[in-house]
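S.K.: Okay, handing you the structure first.
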Amino acid sequence: MKAAQMTTPDPLINHNASWLMDMAADAMLIVEADGRILRVNPAASRLFGYTQEAMAGLFIEDLMPQRFRAAHGQRRAKYADQPERRTMGALLEIFGLRQCGSEFAADVSISPIEGGRVLATVYDISARKHLEAEQLRMIQALEAANEELKNFAYVVSHDLKAPLRAIGSLADWIAVDQKDRMDAEGQEHLGLLIQRVRRLDALIDGVLSYSRVGRVQEKPVSIDLQALAREVVDSLAPPAHIVLRVSEDLPVIRAEKTGMQQILQNLIANAIRYLDKPQGCIRIDCIEQDEDNWRISVSDNGPGIAERHFERIFQLFQTLNPRDRVESTGVGLSIVKKIVDQSGGRIWVESTLGEGSTFHFTVPKWPSSVRETQSKLHEIDQPTHFTD
């Protein structure tokens with residue numbers, strides 16, 4: 001190890017340590033208790049823009065902007081009383097000063113060595129700070145966009161639904177009071193008008209429901225899946241020619257109740273809406289997919305779905321039948337997929353044309369909040385190992 005002018009061997013640093021320091025990719029400086037720099041490696045010379053000879057003899061405060069120097073001198077004096085290994089960047093924001101006058105964000109690790117000296121390792125974290133600032137900017141922009149979208153959804157709801165209700169009420173009044181004055185074609189056209197007003201009203205409600213998914217987080221609770229399925233079936237009041245069978249051994253699961261209710265309601269309502277058989281059958285089942293997931297299924301004996309549409313049906317506003325034949329907004333399955341995805345599960349369909357379809361979706365046995373709590377408890381239970 002060389003002293004200030006890099007010529008006199010430093011008795012505190014042996015040859016191997018000196019060689020390793022010179023080969024290190026990170027900037028390293030050996031600093032006296034009073035802040036004077038004794039030795040630097042080539043990486044430090046490159047980082048700060050000085051020659052190694054020029055840096056030796058400077059004070060460590062010379063390598064930081066003026067605004068930090070007084071406070072750093074006080075912390076250095078305090079550190080000299082109780083030296084310990086630490087990372088300075090974890091406690092405060094630090095900047096380095098190059099010889100050219102430019103600054104860079106830094107992290108500094110300091111380790112005490114003999115004679116009150118310290119080994120300081122300096123890391124240029126400018127790129128990381130830039131990425132963090134960009135990430136923060138993007139998060140703020142996303143939050144602002146989400147807030148605007150939420151406000152837009154409510155404005156659209158109010159501004160569209162108010163006149164829509166007026167149109168619907170007027171159309172209903174004409175249909176009742178003017179029925180005898182209209183011919184069959186006029187009544188048919190008015191019926192189409194009323195039907196499409198109701199469709200638009202349902203579409204607005206669907207878009208609002210889709211936009212709300214994920215904004216309000218419920219706590220996972222224990223759900224008796226069998227009781228919930230029967231409750232949903234009763235609320236939908238299927239027609240007499242459709243039999244709904246709820247498996248007798250549906251488990252108790254942990255999930256967000258409102259989300260699970262929405263999933264079942266949309267899947268069962270879809271099955272009822274599209275059933276084309278004189279005797280319809282819909283079945284709700286659940287099995288263990290694996291040790292971490294339940295797999296819940298809603299099956300029907302309806303018209304089935306061609307394989308080329310398996311992905312399309314989960315996209316927003318997509319329907320497979322003309323809306324004037326089967327009334328649908330094309331939002332229900334999109335809502336289901338969004339809820340399932342956000343819960344950490346997945347959804348897919350199996351189907352045979354003319355024979356029916358089965359929608360499967362998985363539900364984690366341990367929702368994310370429960371898994372995180374268990375993980376923390378597991379860490380606490382682990383024995384602590386000490387090394388010399």
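All residue names refer to the structure tokens as shown: chains lettered A, B, ... in order, residues numbered from 1 in each chain, ligands numbered from 1 in order.
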Any idea what's packed within 8 Å of A:Val298, counting only C-alpha atoms, ignoring anything in its chain fewer than 4 positions away? Could you give it as a ChimeraX atom specification?
M.R.: /A:267-268,282-285,358-360
S.K.: For A:Val363, find every residue with an atom within 10 Å (counting only C-alpha atoms), except residues of its own chain fewer than 3 positions away, and show them as a list in words.
M.R.: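 Answer for this query is Ile253, Arg254, Ala255, Met260, Glu288, Gln289, Asp292, Asn293, Trp294, Arg295, Ile296, Val340, Asp341, Ser343, Gly344, Gly345, Arg346, Ile347, Trp366 and Pro367 of chain A.
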S.K.: Looking at A:Arg137, A:Lys219, A:Arg199, A:Lys129, which one is nearest to A:Glu256, with distances taken over only C-alpha atoms?
M.R.: A:Lys219
S.K.: Measure the distance from atom CA of A:Ala127 to atom CA of A:Met28 in Å and round it to one decimal.
M.R.: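 These two atoms are separated by 19.6 Å.
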S.K.: With distances taken over only C-alpha atoms, which of A:Glu61, A:Ile272, A:Met23, A:Ser209 is nearest to A:Arg75?
M.R.: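 That would be A:Glu61, the residue with the smallest distance to A:Arg75.
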S.K.: Could you jot down the atom CA of A:Ala269 to atom CA of A:Pro251 separation for me, Å, one decimal place?
M.R.: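 Computed distance, atom CA of A:Ala269 to atom CA of A:Pro251, equals 21.9 Å.
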S.K.: Pick from A:Asn151, A:Thr51, A:Ser235, A:Ser299: nearest to A:Gln99, with only C-alpha atoms counted?
M.R.: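 Nearest candidate to A:Gln99 out of A:Asn151, A:Thr51, A:Ser235, A:Ser299: A:Thr51.
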S.K.: Provide the atom CA of A:Ala202 to atom CA of A:Asn266 distance in Å, to one decimal place.
M.R.: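 Atom CA of A:Ala202 sits 13.5 Å away from atom CA of A:Asn266.
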S.K.: Could you pull out the residues in stretch 65-311 of chain A that DSSP calls alpha helix (DSSP H) from the backbone, as an MDAnalysis selection string?
M.R.: chainID A and resid 66:81 126:177 184:212 225:236 257:274
S.K.: May I ask which of the residues A:Glu32, A:Asp300, A:Asp224, A:Glu307 is the closest one to A:Pro112, counting only C-alpha atoms?
M.R.: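 Ranking A:Glu32, A:Asp300, A:Asp224, A:Glu307 by distance to A:Pro112, first place goes to A:Glu32.
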